[in-house]
>>> print(open('final-v9.cif').read())   # mmCIF, C-alpha atoms
data_start
loop_
_atom_site.label_atom_id
_atom_site.label_comp_id
_atom_site.auth_asym_id
_atom_site.auth_seq_id
_atom_site.Cartn_x
_atom_site.Cartn_y
_atom_site.Cartn_z
CA TYR K 1 174.53 167.80 126.93
CA GLN K 2 175.89 164.59 128.43
CA GLN K 3 178.85 166.42 129.99
CA ALA K 4 176.53 169.06 131.42
CA LEU K 5 174.24 166.33 132.78
CA THR K 6 177.16 164.70 134.56
CA LEU K 7 178.22 168.00 136.12
CA TYR K 8 174.72 168.89 137.30
CA ARG K 9 174.39 165.48 138.92
CA GLU K 10 177.79 165.84 140.63
CA ILE K 11 176.72 169.11 142.25
CA SER K 12 173.15 167.88 142.91
CA ASP K 13 171.56 170.65 140.83
CA ARG K 14 168.23 169.01 140.07
CA LEU K 15 166.83 171.97 138.14
CA GLY K 16 169.86 172.03 135.86
CA GLU K 17 169.63 168.26 135.47
CA ALA K 18 165.96 168.54 134.52
CA ASN K 19 166.67 171.22 131.91
CA VAL K 20 169.41 169.14 130.31
CA LEU K 21 167.26 165.99 130.28
CA GLN K 22 164.53 167.93 128.53
CA ALA K 23 167.05 169.26 125.99
CA ILE K 24 168.40 165.75 125.34
CA GLY K 25 164.83 164.57 124.85
CA GLY K 26 164.33 167.34 122.30
CA VAL K 27 167.33 166.15 120.29
CA GLN K 28 166.11 162.56 120.43
CA TRP K 29 162.63 163.66 119.33
CA PHE K 30 164.11 165.46 116.32
CA ARG K 31 166.13 162.36 115.44
CA GLY K 32 163.01 160.19 115.56
CA GLU K 33 164.05 158.37 118.76
CA ARG K 34 160.58 158.67 120.32
CA GLU K 35 160.92 156.17 123.14
CA ALA K 36 164.26 157.55 124.30
CA ALA K 37 162.88 161.09 124.15
CA LEU K 38 159.85 160.10 126.22
CA ALA K 39 162.06 158.45 128.87
CA ASN K 40 164.14 161.61 129.28
CA TYR K 41 161.06 163.83 129.33
CA GLN K 42 159.60 161.70 132.11
CA GLN K 43 162.77 161.97 134.16
CA ALA K 44 162.80 165.73 133.63
CA LEU K 45 159.15 165.95 134.66
CA THR K 46 159.84 164.19 137.94
CA LEU K 47 162.71 166.57 138.73
CA PHE K 48 160.77 169.71 137.78
CA ARG K 49 157.99 168.65 140.12
CA GLU K 50 160.43 167.89 142.94
CA VAL K 51 161.91 171.40 142.81
CA GLY K 52 158.57 173.12 142.16
CA ALA K 53 159.53 174.54 138.75
CA LYS K 54 156.08 174.98 137.26
CA LEU K 55 157.24 176.50 133.98
CA GLY K 56 159.67 173.63 133.39
CA GLU K 57 156.93 171.18 134.31
CA ALA K 58 154.55 172.80 131.81
CA ASN K 59 157.17 172.80 129.03
CA VAL K 60 157.99 169.13 129.46
CA LEU K 61 154.32 168.16 129.71
CA LEU K 62 153.80 169.85 126.35
CA ALA K 63 156.73 167.87 124.94
CA ILE K 64 155.37 164.61 126.38
CA GLY K 65 151.97 165.37 124.86
CA ASP K 66 153.62 165.82 121.47
CA VAL K 67 155.19 162.34 121.68
CA GLN K 68 151.88 160.83 122.78
CA GLN K 69 150.03 162.55 119.96
CA PHE K 70 152.57 161.30 117.42
CA ARG K 71 152.03 157.76 118.74
CA GLY K 72 148.25 158.12 118.32
CA GLU K 73 147.65 158.12 122.10
CA TYR K 74 145.20 161.00 121.89
CA GLU K 75 143.59 160.68 125.30
CA ALA K 76 146.97 160.61 127.03
CA ALA K 77 148.18 163.53 124.91
CA LEU K 78 145.12 165.60 125.73
CA ALA K 79 145.62 164.93 129.46
CA SER K 80 149.26 166.08 129.24
CA TYR K 81 148.28 169.19 127.28
CA GLN K 82 145.51 170.11 129.72
CA GLN K 83 147.93 169.85 132.64
CA ALA K 84 150.41 172.04 130.77
CA LEU K 85 147.69 174.59 129.95
CA THR K 86 146.70 174.89 133.60
CA LEU K 87 150.33 175.48 134.60
CA TYR K 88 151.00 178.03 131.86
CA ARG K 89 147.97 180.00 132.98
CA GLU K 90 149.08 179.81 136.61
CA VAL K 91 152.50 181.28 135.83
CA GLY K 92 151.13 183.71 133.22
CA VAL K 93 153.18 182.54 130.23
CA LYS K 94 151.08 183.52 127.22
CA LEU K 95 153.40 181.93 124.66
CA GLY K 96 153.20 178.57 126.40
CA GLU K 97 149.43 178.91 126.65
CA ALA K 98 149.20 179.63 122.92
CA ASN K 99 151.49 176.71 122.04
CA VAL K 100 149.48 174.23 124.08
CA LEU K 101 146.15 175.53 122.70
CA LEU K 102 147.52 174.89 119.23
CA ALA K 103 148.52 171.38 120.30
CA ILE K 104 145.10 170.72 121.88
CA GLY K 105 143.48 171.83 118.64
CA GLY K 106 145.60 169.23 116.85
CA VAL K 107 144.30 166.44 119.10
CA GLN K 108 140.72 167.63 118.65
CA TRP K 109 141.26 167.67 114.91
CA PHE K 110 142.45 164.05 114.84
CA ARG K 111 139.50 163.03 117.02
CA GLY K 112 137.11 164.53 114.48
CA GLU K 113 136.11 167.42 116.78
CA ARG K 114 136.48 170.04 114.06
CA GLU K 115 134.54 172.86 115.67
CA ALA K 116 136.30 172.41 119.01
CA ALA K 117 139.64 172.43 117.19
CA LEU K 118 138.73 175.69 115.45
CA VAL K 119 137.89 177.29 118.81
CA SER K 120 141.27 176.25 120.24
CA TYR K 121 143.06 177.52 117.15
CA GLN K 122 141.29 180.88 117.29
CA GLN K 123 142.22 181.28 120.97
CA ALA K 124 145.83 180.48 120.13
CA LEU K 125 145.80 182.94 117.21
CA THR K 126 144.58 185.74 119.47
CA LEU K 127 147.40 185.05 121.94
CA TYR K 128 150.11 184.80 119.28
CA ARG K 129 149.05 188.13 117.78
CA ALA K 130 148.87 189.76 121.22
CA ILE K 131 152.48 188.87 122.00
CA GLY K 132 153.73 189.46 118.44
CA ASP K 133 154.83 185.88 117.77
CA ARG K 134 154.72 185.71 113.97
CA ARG K 135 155.99 182.15 113.85
CA GLY K 136 153.20 180.97 116.16
CA GLU K 137 150.71 183.04 114.19
CA ALA K 138 151.86 181.34 111.00
CA LYS K 139 151.54 177.86 112.52
CA VAL K 140 148.00 178.44 113.76
CA LEU K 141 146.92 180.07 110.47
CA GLN K 142 148.12 176.91 108.76
CA ALA K 143 146.08 174.81 111.19
CA ILE K 144 142.98 176.97 110.64
CA GLY K 145 143.49 176.53 106.92
CA GLY K 146 143.42 172.77 107.48
CA VAL K 147 140.01 172.99 109.16
CA GLN K 148 138.71 175.25 106.38
CA GLN K 149 140.00 172.86 103.75
CA PHE K 150 138.28 169.92 105.45
CA ARG K 151 135.03 171.92 105.44
CA ASP K 152 135.44 172.52 101.67
CA GLU K 153 136.01 176.24 102.25
CA ARG K 154 138.78 176.23 99.65
CA GLU K 155 139.10 179.97 99.15
CA ALA K 156 139.23 180.66 102.88
CA ALA K 157 141.77 177.86 103.33
CA LEU K 158 143.98 179.21 100.55
CA ALA K 159 143.84 182.69 102.10
CA SER K 160 144.90 181.31 105.50
CA TYR K 161 147.69 179.29 103.92
CA GLN K 162 148.98 182.27 101.94
CA GLN K 163 149.10 184.41 105.10
CA ALA K 164 150.95 181.61 106.87
CA LEU K 165 153.40 181.24 103.96
CA THR K 166 154.21 184.95 104.01
CA LEU K 167 154.86 184.86 107.76
CA PHE K 168 157.01 181.73 107.61
CA ARG K 169 159.13 183.30 104.88
CA GLU K 170 159.46 186.55 106.88
CA VAL K 171 160.80 184.71 109.93
CA GLY K 172 162.87 182.26 107.88
CA VAL K 173 161.20 179.04 109.02
CA LYS K 174 161.87 176.64 106.15
CA LEU K 175 159.96 173.74 107.71
CA GLY K 176 156.84 175.86 108.11
CA GLU K 177 157.22 177.13 104.57
CA ALA K 178 157.46 173.57 103.25
CA ASN K 179 154.43 172.42 105.26
CA VAL K 180 152.29 175.27 103.94
CA LEU K 181 153.43 174.71 100.35
CA LEU K 182 152.31 171.09 100.72
CA ALA K 183 148.93 172.27 102.02
CA ILE K 184 148.58 174.85 99.23
CA GLY K 185 149.34 172.10 96.72
CA ASP K 186 146.51 170.03 98.22
CA VAL K 187 144.05 172.93 97.77
CA GLN K 188 145.21 173.48 94.21
CA TRP K 189 144.81 169.76 93.56
CA PHE K 190 141.21 169.76 94.79
CA ARG K 191 140.49 172.84 92.66
CA GLY K 192 141.70 171.00 89.57
CA GLU K 193 144.84 173.14 89.23
CA ARG K 194 147.07 170.11 88.69
CA GLU K 195 150.17 171.81 87.31
CA ALA K 196 150.12 174.52 89.99
CA ALA K 197 149.78 171.80 92.62
CA LEU K 198 152.77 169.92 91.24
CA VAL K 199 154.87 173.10 91.38
CA SER K 200 153.90 173.63 95.04
CA TYR K 201 154.68 170.00 95.86
CA GLN K 202 158.07 170.15 94.18
CA GLN K 203 158.96 173.36 96.06
CA ALA K 204 157.95 171.68 99.31
CA LEU K 205 159.98 168.57 98.48
CA THR K 206 163.10 170.64 97.81
CA LEU K 207 162.74 172.37 101.19
CA TYR K 208 162.07 169.15 103.12
CA ARG K 209 165.16 167.54 101.67
CA ALA K 210 167.28 170.64 102.31
CA ILE K 211 166.44 170.60 106.03
CA GLY K 212 166.43 166.81 106.35
CA ASP K 213 162.77 166.44 107.34
CA ARG K 214 161.97 162.85 106.39
CA LEU K 215 158.36 162.98 107.55
CA GLY K 216 157.63 165.99 105.36
CA GLU K 217 159.50 164.37 102.48
CA ALA K 218 157.37 161.24 102.86
CA LYS K 219 154.12 163.23 102.87
CA VAL K 220 154.95 165.19 99.73
CA LEU K 221 156.21 162.11 97.89
CA GLN K 222 152.89 160.46 98.69
CA ALA K 223 151.01 163.53 97.43
CA ILE K 224 152.99 163.52 94.18
CA GLY K 225 152.29 159.79 93.85
CA ASP K 226 148.56 160.43 94.29
CA MET K 227 148.66 162.97 91.47
CA GLN K 228 150.56 160.56 89.24
CA GLN K 229 148.09 157.77 90.00
CA PHE K 230 145.21 160.09 89.05
CA ARG K 231 146.98 160.87 85.76
CA ASP K 232 147.49 157.13 85.19
CA GLU K 233 151.28 157.48 85.43
CA ARG K 234 151.40 154.17 87.22
CA GLU K 235 155.13 153.47 87.26
CA ALA K 236 156.05 156.99 88.39
CA ALA K 237 153.43 156.78 91.15
CA LEU K 238 154.80 153.42 92.29
CA VAL K 239 158.32 154.86 92.63
CA ASN K 240 157.14 157.78 94.76
CA TYR K 241 154.88 155.60 96.92
CA GLN K 242 157.70 153.17 97.62
CA GLN K 243 160.05 156.01 98.62
CA ALA K 244 157.37 157.45 100.90
CA LEU K 245 156.66 154.04 102.42
CA THR K 246 160.35 153.50 103.20
CA LEU K 247 160.55 156.87 104.93
CA TYR K 248 157.38 156.34 106.98
CA ARG K 249 158.67 152.99 108.19
CA GLU K 250 162.10 154.42 109.06
CA ILE K 251 160.56 157.08 111.29
CA GLY K 252 157.87 154.80 112.70
CA ASP K 253 154.85 156.73 111.41
CA ARG K 254 152.24 153.96 111.21
CA ARG K 255 149.46 156.31 110.13
CA GLY K 256 151.55 157.50 107.20
CA GLU K 257 152.50 153.92 106.39
CA ALA K 258 148.80 152.97 106.33
CA LYS K 259 147.97 155.83 103.97
CA VAL K 260 150.63 154.82 101.46
CA LEU K 261 149.68 151.14 101.62
CA ALA K 262 146.06 152.15 100.98
CA ALA K 263 147.18 154.11 97.91
CA LEU K 264 149.23 151.13 96.72
CA SER K 265 146.26 148.80 97.19
CA LEU K 266 144.23 151.02 94.84
CA LEU K 267 147.13 151.22 92.40
CA HIS K 268 147.07 147.40 92.08
CA ILE K 269 143.29 146.99 92.13
CA ASP K 270 143.02 146.33 88.36
CA ARG K 271 146.27 144.64 87.43
CA ASP K 272 146.82 142.48 90.51
CA PRO K 273 143.65 142.04 92.63
CA THR K 274 145.34 139.53 94.95
CA GLU K 275 148.18 141.91 95.77
CA SER K 276 145.66 144.75 96.13
CA GLN K 277 143.67 142.83 98.73
CA ARG K 278 146.84 141.77 100.56
CA LEU K 279 147.91 145.41 100.84
CA LEU K 280 144.47 146.45 102.05
CA ALA K 281 144.63 143.81 104.78
CA GLN K 282 147.92 145.35 105.96
CA VAL K 283 146.29 148.78 105.95
CA LEU K 284 143.39 147.65 108.11
CA GLU K 285 145.71 145.90 110.53
CA LEU K 286 147.75 149.09 110.93
CA ARG K 287 144.64 151.20 111.45
CA ARG K 288 143.49 148.87 114.22
CA SER K 289 146.92 148.88 115.86
CA ILE K 290 146.69 152.65 116.33
CA ASN K 291 142.93 152.59 117.04
CA ASP K 292 142.15 154.67 113.96
CA ARG K 293 138.55 153.63 113.38
CA TYR K 294 137.80 156.59 111.14
CA GLY K 295 140.78 155.75 108.93
CA GLU K 296 139.72 152.10 108.81
CA GLY K 297 136.21 153.05 107.70
CA SER K 298 137.53 155.48 105.10
CA ASP K 299 139.91 152.91 103.63
CA LEU K 300 137.14 150.30 103.40
CA GLY K 301 134.76 152.83 101.86
CA ASN K 302 137.32 154.08 99.35
CA TYR K 303 138.17 150.54 98.30
CA GLY K 304 134.52 149.60 97.90
CA THR K 305 133.84 152.75 95.90
CA ALA K 306 136.78 152.01 93.61
CA LEU K 307 135.34 148.53 92.96
CA VAL K 308 131.89 149.97 92.18
CA GLN K 309 133.47 152.39 89.71
CA ARG K 310 135.01 149.42 87.95
CA GLY K 311 131.72 147.56 87.70
CA ARG K 312 132.71 145.05 90.39
CA GLY K 313 129.67 145.71 92.57
CA ALA K 314 129.40 142.21 94.03
CA GLU K 315 132.94 142.51 95.44
CA ALA K 316 132.31 146.05 96.65
CA LEU K 317 129.36 145.27 98.90
CA SER K 318 131.25 143.71 101.80
CA TYR K 319 133.74 146.60 101.94
CA LEU K 320 131.01 149.25 101.83
CA GLU K 321 128.91 147.51 104.45
CA ARG K 322 131.90 147.23 106.81
CA ALA K 323 132.66 150.91 106.25
CA ARG K 324 129.04 151.82 106.98
CA ALA K 325 129.10 149.88 110.26
CA ILE K 326 132.19 151.79 111.41
CA PHE K 327 130.76 155.18 110.44
CA ALA K 328 127.53 154.34 112.26
CA GLU K 329 129.49 153.29 115.34
CA LEU K 330 131.31 156.64 115.27
CA GLY K 331 128.07 158.58 114.81
CA LEU K 332 129.15 160.00 111.44
CA THR K 333 125.65 160.29 109.97
CA LYS K 334 126.70 162.10 106.80
CA LEU K 335 129.21 159.41 105.94
CA VAL K 336 126.63 156.71 106.73
CA ALA K 337 124.21 158.33 104.27
CA LEU K 338 126.93 158.69 101.65
CA THR K 339 127.96 155.06 102.06
CA ASP K 340 124.32 153.97 101.79
CA GLN K 341 124.24 155.60 98.36
CA GLY K 342 127.28 153.59 97.34
CA ILE K 343 125.73 150.37 98.65
CA ALA K 344 122.54 151.01 96.67
CA TRP K 345 124.31 150.73 93.33
CA PRO K 346 125.70 147.16 93.56
CA ARG K 347 122.42 146.07 95.14
CA GLY K 348 120.54 147.41 92.15
CA ASP K 349 118.74 150.08 94.18
CA GLY K 350 120.56 153.04 92.64
CA PRO K 351 118.88 155.55 90.35
#
>>> encode(input="final-v9.cif", output="structure tokens")
Amino acid sequence: YQQALTLYREISDRLGEANVLQAIGGVQWFRGEREAALANYQQALTLFREVGAKLGEANVLLAIGDVQQFRGEYEAALASYQQALTLYREVGVKLGEANVLLAIGGVQWFRGEREAALVSYQQALTLYRAIGDRRGEAKVLQAIGGVQQFRDEREAALASYQQALTLFREVGVKLGEANVLLAIGDVQWFRGEREAALVSYQQALTLYRAIGDRLGEAKVLQAIGDMQQFRDEREAALVNYQQALTLYREIGDRRGEAKVLAALSLLHIDRDPTESQRLLAQVLELRRSINDRYGEGSDLGNYGTALVQRGRGAEALSYLERARAIFAELGLTKLVALTDQGIAWPRGDGP
């Protein structure tokens, strides 16, 4: 790529230069070099606009949006995606339109706009099926399954995941297969099928390691750790959490890092309360650094609930009240009501 870039610059071929810069950015993105990738994408964007290459402009805007979404810059990501969507529709590229609708759905999902995300996903699914893109169809079925799982529609979610798994295997996409196996394991976990979940997680872990996907590896190690913590296999859980934490930090995923630290804080809540509270403080600091108010409220609520379950109601109150304030600020009325129930117990107002 570097040799090609030099040649394109020597002959003043700005379109060729833009294409190579975008390709270099793609390699850097895959290697976890987010800032370097973004810099090359921005250079490519400028060149595509100079030469009037709308398709190239749309493609690189989609790539920029992906970096912004990964960094938790959801408003910026949505703006990039919307610009890309407009361009894809102008030039009539249905695959690009479907890809960006899937990406927009992802932003809406993280912002808690579940219904809007489902609409975007359904639009993307229609397009993928119309053009016969089975890989895209698989990806969006997986995303739809995520919405269904969040809505406690376990059977529907499992059906979507199984369709996605079949498609990923047909087209030979190991990363997609691993991601869906992780999601299927989560559904099985929630359904109480612990051994089946562990099998799915282990299959996913094998695939992630085979293709060198450290983010996926971190996620599944965390999931296995959660299962081990539930089964009171404390030492095994600690090993998997520490491995996951190392991976999240290496790739710069602060949201993932916060999730593992939250799990570790609960793991230490009985045996080492001081360490548990220290870890929780790190979690909350990370959540604030990426403006994840929902995650902050959830972590406070989960910690308070864990204290209530241990008969430590007096300690729990401050955590539950802080969680309630965040949920109220975000307009999450169901979570406010649920947290109020938790607050009632340590106050002596519970049934």
>>> resolve_selection(input="final-v9.cif", expression="the PyMOL selection byres ((chain K and resi 74-84) around 7)", output="compact mmCIF listing (two decimals) with C-alpha atoms, keeping the file's coordinate frame")
# COMPACT_ATOMS: atom_id res chain seq x y z
CA ALA K 58 154.55 172.80 131.81
CA LEU K 61 154.32 168.16 129.71
CA LEU K 62 153.80 169.85 126.35
CA ILE K 64 155.37 164.61 126.38
CA GLY K 65 151.97 165.37 124.86
CA ASP K 66 153.62 165.82 121.47
CA GLN K 68 151.88 160.83 122.78
CA GLN K 69 150.03 162.55 119.96
CA GLY K 72 148.25 158.12 118.32
CA GLU K 73 147.65 158.12 122.10
CA LEU K 85 147.69 174.59 129.95
CA THR K 86 146.70 174.89 133.60
CA LEU K 87 150.33 175.48 134.60
CA TYR K 88 151.00 178.03 131.86
CA VAL K 100 149.48 174.23 124.08
CA ILE K 104 145.10 170.72 121.88
CA VAL K 107 144.30 166.44 119.10
>>> closest_residue(input="final-v9.cif", among="K:Leu175, K:Arg255, K:Tyr41, K:Ile184", to="Arg209 of chain K", atoms="all atoms listed in the file")
K:Leu175
>>> resolve_selection(input="final-v9.cif", expression="the PyMOL selection byres ((chain K and resi 133) around 12)", output="PyMOL selection string")
chain K and resi 94-96+98-99+124-132+134-140+167-168+170-171
>>> residues_around(input="final-v9.cif", residues="Ala328 of chain K", least_positions_apart="3", cutoff="12 Å", atoms="all atoms listed in the file", output="count of residues only")
18
>>> closest_residue(input="final-v9.cif", among="K:Ala316, K:Leu330, K:Gly112, K:Tyr303", to="Ala344 of chain K", atoms="only C-alpha atoms")
K:Ala316
>>> resolve_selection(input="final-v9.cif", expression="the PyMOL selection byres ((chain K and resi 282) around 12)", output="compact mmCIF listing (two decimals) with C-alpha atoms, keeping the file's coordinate frame")
# COMPACT_ATOMS: atom_id res chain seq x y z
CA ARG K 254 152.24 153.96 111.21
CA ARG K 255 149.46 156.31 110.13
CA GLU K 257 152.50 153.92 106.39
CA ALA K 258 148.80 152.97 106.33
CA LYS K 259 147.97 155.83 103.97
CA VAL K 260 150.63 154.82 101.46
CA LEU K 261 149.68 151.14 101.62
CA ALA K 262 146.06 152.15 100.98
CA ALA K 263 147.18 154.11 97.91
CA LEU K 264 149.23 151.13 96.72
CA SER K 265 146.26 148.80 97.19
CA GLU K 275 148.18 141.91 95.77
CA SER K 276 145.66 144.75 96.13
CA GLN K 277 143.67 142.83 98.73
CA ARG K 278 146.84 141.77 100.56
CA LEU K 279 147.91 145.41 100.84
CA LEU K 280 144.47 146.45 102.05
CA ALA K 281 144.63 143.81 104.78
CA VAL K 283 146.29 148.78 105.95
CA LEU K 284 143.39 147.65 108.11
CA GLU K 285 145.71 145.90 110.53
CA LEU K 286 147.75 149.09 110.93
CA ARG K 287 144.64 151.20 111.45
CA ARG K 288 143.49 148.87 114.22
CA SER K 289 146.92 148.88 115.86
CA GLU K 296 139.72 152.10 108.81
CA ASP K 299 139.91 152.91 103.63
>>> residues_around(input="final-v9.cif", residues="Leu45 of chain K", least_positions_apart="3", cutoff="10 Å", atoms="all atoms listed in the file", output="list of chain:residue names")
K:Ala18, K:Asn19, K:Leu21, K:Gln22, K:Ala39, K:Asn40, K:Tyr41, K:Gln42, K:Phe48, K:Arg49, K:Glu50, K:Ala53, K:Lys54, K:Gly56, K:Glu57, K:Ala58, K:Asn59, K:Val60, K:Leu61, K:Ile64
>>> write_last_selection(input="final-v9.cif", atoms="C-alpha atoms", output="short mmCIF file (atom, residue, chain, number, x, y, z; two decimals), in the coordinates of the input")
data_model
loop_
_atom_site.label_atom_id
_atom_site.label_comp_id
_atom_site.auth_asym_id
_atom_site.auth_seq_id
_atom_site.Cartn_x
_atom_site.Cartn_y
_atom_site.Cartn_z
CA ALA K 18 165.96 168.54 134.52
CA ASN K 19 166.67 171.22 131.91
CA LEU K 21 167.26 165.99 130.28
CA GLN K 22 164.53 167.93 128.53
CA ALA K 39 162.06 158.45 128.87
CA ASN K 40 164.14 161.61 129.28
CA TYR K 41 161.06 163.83 129.33
CA GLN K 42 159.60 161.70 132.11
CA PHE K 48 160.77 169.71 137.78
CA ARG K 49 157.99 168.65 140.12
CA GLU K 50 160.43 167.89 142.94
CA ALA K 53 159.53 174.54 138.75
CA LYS K 54 156.08 174.98 137.26
CA GLY K 56 159.67 173.63 133.39
CA GLU K 57 156.93 171.18 134.31
CA ALA K 58 154.55 172.80 131.81
CA ASN K 59 157.17 172.80 129.03
CA VAL K 60 157.99 169.13 129.46
CA LEU K 61 154.32 168.16 129.71
CA ILE K 64 155.37 164.61 126.38
#
>>> closest_residue(input="final-v9.cif", among="K:Ala4, K:Ile211, K:Ala244, K:Met227", to="Val173 of chain K", atoms="all atoms listed in the file")
K:Ile211
>>> closest_residue(input="final-v9.cif", among="K:Thr274, K:Gln162, K:Gln222, K:Gln28", to="Leu247 of chain K", atoms="all atoms listed in the file")
K:Gln222
>>> atom_distance(input="final-v9.cif", atom1="atom CA of Val220 of chain K", atom2="atom CA of Tyr201 of chain K")
6.2 Å
>>> residues_near_point(input="final-v9.cif", point="(166.1, 164.3, 121.8)", cutoff="8 Å", atoms="all atoms listed in the file", output="JSON, numbers by chain")
{"K": [22, 23, 24, 25, 26, 27, 28, 29, 30, 31, 33, 36, 37]}
>>> atom_distance(input="final-v9.cif", atom1="atom CA of Glu250 of chain K", atom2="atom CA of Lys174 of chain K")
22.4 Å
>>> atom_distance(input="final-v9.cif", atom1="atom CA of Ile269 of chain K", atom2="atom CA of Gln341 of chain K")
21.8 Å
>>> closest_residue(input="final-v9.cif", among="K:Glu113, K:Leu300, K:Leu165, K:Gly92", to="Tyr319 of chain K", atoms="all atoms listed in the file")
K:Leu300
>>> closest_residue(input="final-v9.cif", among="K:Gln122, K:Gln148, K:Thr46, K:Gln2", to="Arg14 of chain K", atoms="only C-alpha atoms")
K:Thr46
>>> axis_aligned_box(input="final-v9.cif", around="segment 249-261 of chain K", padding_each_side="4 Å", output="AutoDock Vina command-line options")
--center_x 155.0 --center_y 154.3 --center_z 107.1 --size_x 22.1 --size_y 14.4 --size_z 19.2
>>> residues_near_point(input="final-v9.cif", point="(152.0, 162.0, 96.7)", cutoff="12 Å", atoms="only C-alpha atoms", output="mmCIF file with C-alpha atoms, keeping the file's coordinate frame")
data_model
loop_
_atom_site.group_PDB
_atom_site.id
_atom_site.type_symbol
_atom_site.label_atom_id
_atom_site.label_comp_id
_atom_site.auth_asym_id
_atom_site.auth_seq_id
_atom_site.Cartn_x
_atom_site.Cartn_y
_atom_site.Cartn_z
ATOM 1 C CA LEU K 182 152.310 171.090 100.720
ATOM 2 C CA ALA K 183 148.930 172.270 102.020
ATOM 3 C CA GLY K 185 149.340 172.100 96.720
ATOM 4 C CA ASP K 186 146.510 170.030 98.220
ATOM 5 C CA TRP K 189 144.810 169.760 93.560
ATOM 6 C CA ALA K 197 149.780 171.800 92.620
ATOM 7 C CA LEU K 198 152.770 169.920 91.240
ATOM 8 C CA SER K 200 153.900 173.630 95.040
ATOM 9 C CA TYR K 201 154.680 170.000 95.860
ATOM 10 C CA GLN K 202 158.070 170.150 94.180
ATOM 11 C CA ALA K 204 157.950 171.680 99.310
ATOM 12 C CA LEU K 205 159.980 168.570 98.480
ATOM 13 C CA GLY K 216 157.630 165.990 105.360
ATOM 14 C CA GLU K 217 159.500 164.370 102.480
ATOM 15 C CA ALA K 218 157.370 161.240 102.860
ATOM 16 C CA LYS K 219 154.120 163.230 102.870
ATOM 17 C CA VAL K 220 154.950 165.190 99.730
ATOM 18 C CA LEU K 221 156.210 162.110 97.890
ATOM 19 C CA GLN K 222 152.890 160.460 98.690
ATOM 20 C CA ALA K 223 151.010 163.530 97.430
ATOM 21 C CA ILE K 224 152.990 163.520 94.180
ATOM 22 C CA GLY K 225 152.290 159.790 93.850
ATOM 23 C CA ASP K 226 148.560 160.430 94.290
ATOM 24 C CA MET K 227 148.660 162.970 91.470
ATOM 25 C CA GLN K 228 150.560 160.560 89.240
ATOM 26 C CA GLN K 229 148.090 157.770 90.000
ATOM 27 C CA PHE K 230 145.210 160.090 89.050
ATOM 28 C CA ALA K 236 156.050 156.990 88.390
ATOM 29 C CA ALA K 237 153.430 156.780 91.150
ATOM 30 C CA LEU K 238 154.800 153.420 92.290
ATOM 31 C CA VAL K 239 158.320 154.860 92.630
ATOM 32 C CA ASN K 240 157.140 157.780 94.760
ATOM 33 C CA TYR K 241 154.880 155.600 96.920
ATOM 34 C CA GLN K 242 157.700 153.170 97.620
ATOM 35 C CA GLN K 243 160.050 156.010 98.620
ATOM 36 C CA ALA K 244 157.370 157.450 100.900
ATOM 37 C CA LEU K 245 156.660 154.040 102.420
ATOM 38 C CA GLY K 256 151.550 157.500 107.200
ATOM 39 C CA LYS K 259 147.970 155.830 103.970
ATOM 40 C CA VAL K 260 150.630 154.820 101.460
ATOM 41 C CA ALA K 263 147.180 154.110 97.910
ATOM 42 C CA LEU K 264 149.230 151.130 96.720
#
>>> residues_around(input="final-v9.cif", residues="Tyr8 of chain K", least_positions_apart="5", cutoff="6 Å", atoms="all atoms listed in the file", output="PyMOL selection string")
chain K and resi 13+16-17
>>> write_last_selection(input="final-v9.cif", atoms="C-alpha atoms", output="PDB file, keeping the file's coordinate frame")
ATOM      1  CA  ASP K  13     171.560 170.650 140.830  1.00  0.00           C
ATOM      2  CA  GLY K  16     169.860 172.030 135.860  1.00  0.00           C
ATOM      3  CA  GLU K  17     169.630 168.260 135.470  1.00  0.00           C
TER       4      GLU K  17
END
